[in-house]
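Shown next, in structure tokens, is the structure this report addresses.
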Amino acid sequence: MPYYSPECLLQLLQCFPKHQNKVQQIHSLLIINGHLFLSKTNHHFNSKWKITLLYNALIRAHLSFGQTHNSLILFTQMLFHQTQPNSHTFPSLVKAASLCSLPCMGKALHAQAYKRGTMYDPFVPTSFVSFYADYGELSYVRKVFDEMSEPCIVGCNAMIDAYCKNGDMGSAISLFERMSERDVVSWTSVVNGFRINQQFHEGIRFFKKMISCSVKPNEATYVSLFSLCSTLNGWGALYLGKEIHGHVVRNEIELTVFMGTSLIDFYGKCGLLNAATNVFNQMTVKKICTWNAMISALSTNGQVKEALDLFQNLEKEGFTPNCVTFVTILAACARGKFVEYGLKVFQSMSADFGVVPVMEHYGCIVDLLCKAGLLREATMFVKNMPFEPDASVLGALFGAYTIHGISELENDVQKRLLCMQPQQHSEPYINLSNINANMQKWDHAAGFRRMMLHASIQKIPAVSVIV
């Protein structure tokens, strides 16, 4: 086996950071040549520094091709071999902990970052601001941010995003206005914050202010805007979305994958299927999310057969369906009552594509069977689920029982729904009371009304709209 110097292998890692097979081969050579631990011959400062660089490169590489757990395992090996982490080590590790949904690991990394004296680098505390924001730990977010002596623009942008994610738009705007320097990310974070918190008109007004200040939008800005417009109701939203699309075309702005995908989603939700199809056909580069958006647009606009055909073309074009794809196509099968095809797709998920069905997929199948009138099959399907059904699955079953007048089964399912959300919604109580009243079980009907009263749950007022 030839000997490779650590410098040579580090250069190879930096050349092929996203090539999984090559990274694994380089990792093996590093282990074989003894470059990932200190020895008597390489115990001086330069050798320690090189080993840290090698571990950092490996951690980033594994993170880039989705092996987030391996990134975290590498860090434990790094500490075991007494290799000192530096400020470049932690941002990648924090991202890996976030992707793995490991809040405890994030806090452990935070302690390590303090212990190793790396919090002076603004990118390290900024990564923890984003991490804690994802878990709604706003008190931790503020503490980390307040400990930054002079927050840079990146740190302030992360703090604005944290406020937005946790519904504190007042603090987000206040921080934005206090910033001595702002960039397009600062503006976009606020626009996206208004979208997240369903303050759509405020988001549009803020975008117009951004344009009036001669700030050039970026890809993330346009994606947020199209998503915002797709959530708004009425012709005003359609006009605004088309206006933004026109702005993109007039200024010859490249329609990136994510911009195109959000635009397809917007036109699909507005019922402009031809416009969505035109955008899809014009895109030279597509990703699986683009196909998902187009399938959904066809399905929701009544073109179920075309949606199924596009799903088959997706595979022919060499794309692999993901979890979202199957939710989209199963929902399409439910709309079109394609029972046999829908069940076949559901079975192929794990068998052919390695996608493990989750609650949403099971909910789609229950909806499919119920809409086809196969209530016995739907009931058995729910009973045989590998986990307890949630409110959406039981809700689909309850709706079918109501339509077909199966009162006893309605009662059973509604009781289960009631146990799931006793303090949140008035609808389960009211429906269950009405069911018992229709069966002339007046004591039971009154009992559910009293339960509502004791739980301080008020009936949502009815609304009439003249169009």
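Numbering starts fresh at 1 for the residues of each chain in the structure tokens, the chains themselves are lettered A, B, ... in the order given, and ligands are numbered from 1 as they appear.
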
I need the alpha helix (DSSP H) residues of region 229-341 of chain A per DSSP on the backbone, written as a short mmCIF file (atom, residue, chain, number, x, y, z; two decimals) with N, CA, C and O atoms, in the first residue's frame.
data_model
loop_
_atom_site.label_atom_id
_atom_site.label_comp_id
_atom_site.auth_asym_id
_atom_site.auth_seq_id
_atom_site.Cartn_x
_atom_site.Cartn_y
_atom_site.Cartn_z
N CYS A 229 -47.68 34.74 -2.13
CA CYS A 229 -48.82 35.00 -3.04
C CYS A 229 -49.72 33.78 -3.17
O CYS A 229 -50.94 33.91 -3.30
N SER A 230 -49.13 32.60 -3.14
CA SER A 230 -49.94 31.38 -3.28
C SER A 230 -50.83 31.15 -2.07
O SER A 230 -51.81 30.43 -2.14
N THR A 231 -50.49 31.79 -0.94
CA THR A 231 -51.27 31.63 0.28
C THR A 231 -52.37 32.68 0.40
O THR A 231 -53.37 32.48 1.09
N TRP A 235 -58.17 37.83 -6.28
CA TRP A 235 -57.49 38.18 -7.53
C TRP A 235 -56.29 39.08 -7.30
O TRP A 235 -55.38 39.14 -8.11
N GLY A 236 -56.27 39.79 -6.16
CA GLY A 236 -55.12 40.65 -5.87
C GLY A 236 -53.84 39.86 -5.77
O GLY A 236 -52.80 40.29 -6.27
N ALA A 237 -53.92 38.69 -5.15
CA ALA A 237 -52.74 37.83 -5.01
C ALA A 237 -52.27 37.34 -6.37
O ALA A 237 -51.08 37.29 -6.65
N LEU A 238 -53.23 36.96 -7.22
CA LEU A 238 -52.89 36.49 -8.56
C LEU A 238 -52.22 37.59 -9.37
O LEU A 238 -51.20 37.36 -10.02
N TYR A 239 -52.79 38.79 -9.28
CA TYR A 239 -52.21 39.93 -10.01
C TYR A 239 -50.79 40.20 -9.52
O TYR A 239 -49.88 40.42 -10.33
N LEU A 240 -50.60 40.18 -8.19
CA LEU A 240 -49.29 40.48 -7.63
C LEU A 240 -48.27 39.41 -8.03
O LEU A 240 -47.13 39.73 -8.41
N GLY A 241 -48.68 38.13 -7.97
CA GLY A 241 -47.77 37.06 -8.35
C GLY A 241 -47.35 37.15 -9.80
O GLY A 241 -46.18 36.95 -10.15
N LYS A 242 -48.31 37.45 -10.68
CA LYS A 242 -47.99 37.61 -12.10
C LYS A 242 -47.10 38.82 -12.33
O LYS A 242 -46.22 38.82 -13.20
N GLU A 243 -47.32 39.86 -11.52
CA GLU A 243 -46.48 41.07 -11.63
C GLU A 243 -45.04 40.75 -11.27
O GLU A 243 -44.10 41.19 -11.94
N ILE A 244 -44.85 39.97 -10.19
CA ILE A 244 -43.49 39.59 -9.78
C ILE A 244 -42.85 38.69 -10.83
O ILE A 244 -41.66 38.84 -11.15
N HIS A 245 -43.64 37.77 -11.39
CA HIS A 245 -43.13 36.91 -12.47
C HIS A 245 -42.71 37.77 -13.66
O HIS A 245 -41.65 37.53 -14.28
N GLY A 246 -43.52 38.76 -13.99
CA GLY A 246 -43.17 39.67 -15.09
C GLY A 246 -41.89 40.42 -14.80
O GLY A 246 -41.06 40.63 -15.72
N HIS A 247 -41.71 40.82 -13.56
CA HIS A 247 -40.48 41.51 -13.16
C HIS A 247 -39.26 40.60 -13.39
O HIS A 247 -38.22 41.06 -13.86
N VAL A 248 -39.41 39.32 -13.05
CA VAL A 248 -38.32 38.35 -13.25
C VAL A 248 -37.99 38.23 -14.74
O VAL A 248 -36.82 38.24 -15.14
N VAL A 249 -39.03 38.14 -15.58
CA VAL A 249 -38.83 37.98 -17.04
C VAL A 249 -38.22 39.23 -17.64
O VAL A 249 -37.25 39.17 -18.42
N ARG A 250 -38.77 40.41 -17.29
CA ARG A 250 -38.29 41.68 -17.87
C ARG A 250 -36.83 41.94 -17.53
O ARG A 250 -36.08 42.47 -18.36
N VAL A 257 -34.12 26.58 -10.06
CA VAL A 257 -34.97 25.42 -9.75
C VAL A 257 -36.02 25.77 -8.69
O VAL A 257 -37.21 25.48 -8.85
N PHE A 258 -35.58 26.42 -7.62
CA PHE A 258 -36.50 26.69 -6.52
C PHE A 258 -37.46 27.83 -6.84
O PHE A 258 -38.62 27.82 -6.40
N MET A 259 -37.00 28.80 -7.62
CA MET A 259 -37.92 29.86 -8.06
C MET A 259 -38.99 29.27 -8.97
O MET A 259 -40.18 29.56 -8.84
N GLY A 260 -38.57 28.43 -9.92
CA GLY A 260 -39.51 27.80 -10.84
C GLY A 260 -40.50 26.90 -10.11
O GLY A 260 -41.70 26.90 -10.41
N THR A 261 -39.99 26.16 -9.13
CA THR A 261 -40.86 25.27 -8.37
C THR A 261 -41.92 26.06 -7.60
O THR A 261 -43.10 25.69 -7.59
N SER A 262 -41.50 27.14 -6.93
CA SER A 262 -42.46 27.96 -6.18
C SER A 262 -43.45 28.65 -7.11
O SER A 262 -44.62 28.84 -6.76
N LEU A 263 -43.01 28.98 -8.33
CA LEU A 263 -43.90 29.61 -9.31
C LEU A 263 -44.94 28.61 -9.82
O LEU A 263 -46.12 28.94 -9.98
N ILE A 264 -44.53 27.37 -10.06
CA ILE A 264 -45.48 26.30 -10.44
C ILE A 264 -46.51 26.10 -9.34
O ILE A 264 -47.71 25.99 -9.62
N ASP A 265 -46.03 26.07 -8.11
CA ASP A 265 -46.94 25.90 -6.96
C ASP A 265 -47.94 27.06 -6.89
O ASP A 265 -49.13 26.85 -6.65
N PHE A 266 -47.46 28.28 -7.13
CA PHE A 266 -48.32 29.47 -7.09
C PHE A 266 -49.41 29.39 -8.15
O PHE A 266 -50.60 29.54 -7.86
N TYR A 267 -49.01 29.14 -9.41
CA TYR A 267 -50.00 29.08 -10.49
C TYR A 267 -50.97 27.91 -10.29
O TYR A 267 -52.16 28.01 -10.60
N GLY A 268 -50.45 26.80 -9.78
CA GLY A 268 -51.32 25.64 -9.52
C GLY A 268 -52.39 25.96 -8.49
O GLY A 268 -53.57 25.63 -8.67
N LYS A 269 -52.00 26.64 -7.41
CA LYS A 269 -52.96 26.99 -6.36
C LYS A 269 -53.94 28.06 -6.82
O LYS A 269 -55.05 28.17 -6.27
N LEU A 273 -53.51 26.43 -14.67
CA LEU A 273 -52.75 25.21 -14.98
C LEU A 273 -51.87 25.38 -16.21
O LEU A 273 -50.76 24.86 -16.25
N ASN A 274 -52.35 26.13 -17.20
CA ASN A 274 -51.54 26.36 -18.40
C ASN A 274 -50.26 27.13 -18.07
O ASN A 274 -49.18 26.81 -18.59
N ALA A 275 -50.39 28.14 -17.19
CA ALA A 275 -49.21 28.91 -16.79
C ALA A 275 -48.22 28.03 -16.04
O ALA A 275 -47.00 28.11 -16.26
N ALA A 276 -48.73 27.18 -15.15
CA ALA A 276 -47.86 26.27 -14.40
C ALA A 276 -47.15 25.31 -15.34
O ALA A 276 -45.94 25.06 -15.19
N THR A 277 -47.88 24.78 -16.32
CA THR A 277 -47.30 23.85 -17.30
C THR A 277 -46.23 24.54 -18.13
O THR A 277 -45.17 23.95 -18.42
N ASN A 278 -46.48 25.79 -18.53
CA ASN A 278 -45.49 26.54 -19.32
C ASN A 278 -44.20 26.74 -18.55
O ASN A 278 -43.10 26.58 -19.10
N VAL A 279 -44.31 27.10 -17.27
CA VAL A 279 -43.12 27.28 -16.44
C VAL A 279 -42.36 25.96 -16.32
O VAL A 279 -41.13 25.91 -16.48
N PHE A 280 -43.10 24.87 -16.10
CA PHE A 280 -42.47 23.54 -15.97
C PHE A 280 -41.73 23.16 -17.25
O PHE A 280 -40.58 22.69 -17.19
N ASN A 281 -42.35 23.39 -18.39
CA ASN A 281 -41.72 23.02 -19.67
C ASN A 281 -40.53 23.90 -20.01
O ASN A 281 -39.61 23.47 -20.71
N GLN A 282 -40.55 25.16 -19.54
CA GLN A 282 -39.46 26.09 -19.85
C GLN A 282 -38.22 25.84 -18.99
O GLN A 282 -37.12 26.27 -19.35
N ILE A 288 -36.53 16.94 -8.03
CA ILE A 288 -37.72 16.16 -7.65
C ILE A 288 -38.81 17.07 -7.09
O ILE A 288 -40.01 16.83 -7.30
N CYS A 289 -38.42 18.15 -6.40
CA CYS A 289 -39.42 19.08 -5.85
C CYS A 289 -40.21 19.75 -6.97
O CYS A 289 -41.40 20.06 -6.80
N THR A 290 -39.56 19.98 -8.14
CA THR A 290 -40.25 20.58 -9.29
C THR A 290 -41.33 19.64 -9.81
O THR A 290 -42.46 20.05 -10.09
N TRP A 291 -40.99 18.36 -9.95
CA TRP A 291 -41.96 17.37 -10.40
C TRP A 291 -43.11 17.24 -9.39
O TRP A 291 -44.28 17.13 -9.78
N ASN A 292 -42.78 17.27 -8.11
CA ASN A 292 -43.82 17.18 -7.08
C ASN A 292 -44.81 18.33 -7.20
O ASN A 292 -46.03 18.13 -7.08
N ALA A 293 -44.29 19.54 -7.42
CA ALA A 293 -45.15 20.72 -7.53
C ALA A 293 -46.07 20.61 -8.75
O ALA A 293 -47.25 20.96 -8.68
N MET A 294 -45.53 20.10 -9.86
CA MET A 294 -46.33 20.00 -11.08
C MET A 294 -47.39 18.90 -10.94
O MET A 294 -48.54 19.07 -11.38
N ILE A 295 -47.04 17.78 -10.35
CA ILE A 295 -48.01 16.70 -10.10
C ILE A 295 -49.15 17.21 -9.23
O ILE A 295 -50.33 16.97 -9.48
N SER A 296 -48.78 17.96 -8.17
CA SER A 296 -49.79 18.52 -7.27
C SER A 296 -50.69 19.51 -7.99
O SER A 296 -51.91 19.53 -7.78
N ALA A 297 -50.10 20.36 -8.85
CA ALA A 297 -50.88 21.35 -9.59
C ALA A 297 -51.91 20.67 -10.50
O ALA A 297 -53.07 21.08 -10.57
N LEU A 298 -51.48 19.60 -11.20
CA LEU A 298 -52.41 18.86 -12.06
C LEU A 298 -53.52 18.21 -11.25
O LEU A 298 -54.70 18.28 -11.60
N SER A 299 -53.13 17.58 -10.15
CA SER A 299 -54.10 16.84 -9.33
C SER A 299 -55.15 17.77 -8.73
O SER A 299 -56.34 17.49 -8.80
N THR A 300 -54.72 18.88 -8.13
CA THR A 300 -55.65 19.77 -7.46
C THR A 300 -56.56 20.51 -8.43
O THR A 300 -57.58 21.06 -8.02
N VAL A 304 -56.30 14.54 -12.86
CA VAL A 304 -55.70 13.43 -12.11
C VAL A 304 -54.97 12.47 -13.02
O VAL A 304 -53.86 12.01 -12.72
N LYS A 305 -55.58 12.12 -14.16
CA LYS A 305 -54.94 11.18 -15.10
C LYS A 305 -53.61 11.74 -15.58
O LYS A 305 -52.61 11.01 -15.66
N GLU A 306 -53.59 13.04 -15.89
CA GLU A 306 -52.34 13.67 -16.33
C GLU A 306 -51.29 13.66 -15.21
O GLU A 306 -50.09 13.51 -15.48
N ALA A 307 -51.75 13.81 -13.96
CA ALA A 307 -50.82 13.77 -12.82
C ALA A 307 -50.18 12.39 -12.70
O ALA A 307 -48.97 12.27 -12.46
N LEU A 308 -50.98 11.34 -12.89
CA LEU A 308 -50.44 9.98 -12.82
C LEU A 308 -49.48 9.71 -13.96
O LEU A 308 -48.45 9.04 -13.79
N ASP A 309 -49.80 10.23 -15.15
CA ASP A 309 -48.89 10.07 -16.31
C ASP A 309 -47.56 10.77 -16.05
O ASP A 309 -46.50 10.24 -16.40
N LEU A 310 -47.63 11.96 -15.43
CA LEU A 310 -46.40 12.71 -15.13
C LEU A 310 -45.56 11.96 -14.11
O LEU A 310 -44.32 11.95 -14.18
N PHE A 311 -46.21 11.29 -13.17
CA PHE A 311 -45.50 10.48 -12.18
C PHE A 311 -44.71 9.37 -12.86
O PHE A 311 -43.57 9.08 -12.50
N GLN A 312 -45.31 8.74 -13.86
CA GLN A 312 -44.62 7.69 -14.60
C GLN A 312 -43.46 8.26 -15.43
O GLN A 312 -42.40 7.64 -15.54
N ASN A 313 -43.65 9.47 -15.99
CA ASN A 313 -42.57 10.11 -16.75
C ASN A 313 -41.40 10.48 -15.85
O ASN A 313 -40.25 10.47 -16.28
N LEU A 314 -41.72 10.83 -14.62
CA LEU A 314 -40.68 11.18 -13.64
C LEU A 314 -39.67 10.05 -13.52
O LEU A 314 -38.46 10.28 -13.55
N GLU A 315 -40.16 8.83 -13.41
CA GLU A 315 -39.27 7.68 -13.29
C GLU A 315 -38.48 7.45 -14.58
O GLU A 315 -37.30 7.12 -14.55
N LYS A 316 -39.14 7.65 -15.73
CA LYS A 316 -38.47 7.47 -17.02
C LYS A 316 -37.34 8.47 -17.22
O LYS A 316 -36.35 8.20 -17.88
N CYS A 323 -40.50 11.04 -0.34
CA CYS A 323 -41.64 10.97 0.58
C CYS A 323 -42.77 11.91 0.12
O CYS A 323 -43.94 11.53 0.12
N VAL A 324 -42.41 13.13 -0.28
CA VAL A 324 -43.41 14.12 -0.71
C VAL A 324 -44.08 13.67 -2.00
O VAL A 324 -45.29 13.87 -2.19
N THR A 325 -43.32 13.09 -2.91
CA THR A 325 -43.88 12.61 -4.18
C THR A 325 -45.02 11.64 -3.93
O THR A 325 -46.07 11.72 -4.56
N PHE A 326 -44.80 10.72 -3.00
CA PHE A 326 -45.82 9.69 -2.74
C PHE A 326 -47.05 10.28 -2.06
O PHE A 326 -48.17 9.83 -2.32
N VAL A 327 -46.87 11.28 -1.21
CA VAL A 327 -48.04 11.96 -0.63
C VAL A 327 -48.85 12.60 -1.74
O VAL A 327 -50.09 12.49 -1.79
N THR A 328 -48.16 13.26 -2.67
CA THR A 328 -48.81 13.96 -3.78
C THR A 328 -49.57 12.99 -4.68
O THR A 328 -50.73 13.24 -5.05
N ILE A 329 -48.93 11.89 -5.04
CA ILE A 329 -49.55 10.97 -5.99
C ILE A 329 -50.67 10.17 -5.33
O ILE A 329 -51.70 9.87 -5.96
N LEU A 330 -50.53 9.83 -4.04
CA LEU A 330 -51.61 9.13 -3.34
C LEU A 330 -52.82 10.04 -3.14
O LEU A 330 -53.97 9.59 -3.23
N ALA A 331 -52.56 11.33 -2.90
CA ALA A 331 -53.67 12.29 -2.80
C ALA A 331 -54.38 12.41 -4.14
O ALA A 331 -55.62 12.53 -4.19
N ALA A 332 -53.62 12.35 -5.24
CA ALA A 332 -54.22 12.39 -6.58
C ALA A 332 -55.09 11.15 -6.81
O ALA A 332 -56.19 11.25 -7.36
N CYS A 333 -54.59 9.99 -6.39
CA CYS A 333 -55.38 8.75 -6.53
C CYS A 333 -56.68 8.84 -5.75
O CYS A 333 -57.73 8.35 -6.21
N ALA A 334 -56.62 9.47 -4.56
CA ALA A 334 -57.83 9.63 -3.76
C ALA A 334 -58.84 10.53 -4.46
O ALA A 334 -60.04 10.25 -4.48
N ARG A 335 -58.35 11.61 -5.08
CA ARG A 335 -59.26 12.52 -5.79
C ARG A 335 -59.92 11.82 -6.98
O ARG A 335 -61.09 12.04 -7.27
N GLY A 336 -59.14 11.00 -7.68
CA GLY A 336 -59.67 10.33 -8.86
C GLY A 336 -60.28 8.96 -8.58
O GLY A 336 -60.75 8.30 -9.51
N VAL A 339 -58.37 3.37 -6.92
CA VAL A 339 -58.07 2.55 -5.74
C VAL A 339 -56.95 1.56 -6.02
O VAL A 339 -55.97 1.49 -5.27
N GLU A 340 -57.09 0.80 -7.07
CA GLU A 340 -56.12 -0.25 -7.37
C GLU A 340 -54.73 0.33 -7.60
O GLU A 340 -53.73 -0.17 -7.07
N TYR A 341 -54.67 1.42 -8.37
CA TYR A 341 -53.37 2.05 -8.67
C TYR A 341 -52.77 2.65 -7.39
O TYR A 341 -51.57 2.54 -7.14
#

Could you pull the residues within 8 Å of Asn166 (chain A), counting only C-alpha atoms, minus those fewer than 5 positions along the same chain, as a ChimeraX atom specification? /A:133,136,138

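Proximity to Lys165 (chain A) was assessed for A:Tyr55, A:Trp187, A:Phe131, A:Trp442 counting only C-alpha atoms; the smallest distance is recorded for A:Phe131.
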
Option closest in space to Phe90 (chain A), from A:Met119, A:Ile365, A:Leu63, A:Val124 [counting only C-alpha atoms]: A:Val124

Using only C-alpha atoms, which of the listed residues (A:Cys100, A:Met159, A:Cys270, A:Ile253) sits closest to Ser130 (chain A)? A:Met159

Considering only C-alpha atoms, return as a PyMOL selection string whatever protein or nucleic-acid residues lie within 12 Å of Met179 (chain A), sequence-local ones (same chain, fewer than 4 positions apart) excluded. chain A and resi 150-157+159-160+172-175+183+186-187

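In this structure, CA of Ser5 (chain A) sits 8.2 Å away from CA of Asn33 (chain A).
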
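With only C-alpha atoms as the basis for measurement, A:Glu7 is the residue among A:Gly170, A:Ala372, A:Val366, A:Glu7 that approaches Leu30 (chain A) most closely.
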
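Interatomic distance, CA of Leu74 (chain A) against CA of Leu58 (chain A): 7.8 Å.
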
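Take CA of Lys337 (chain A) and CA of Asn322 (chain A): the distance between them is 22.2 Å.
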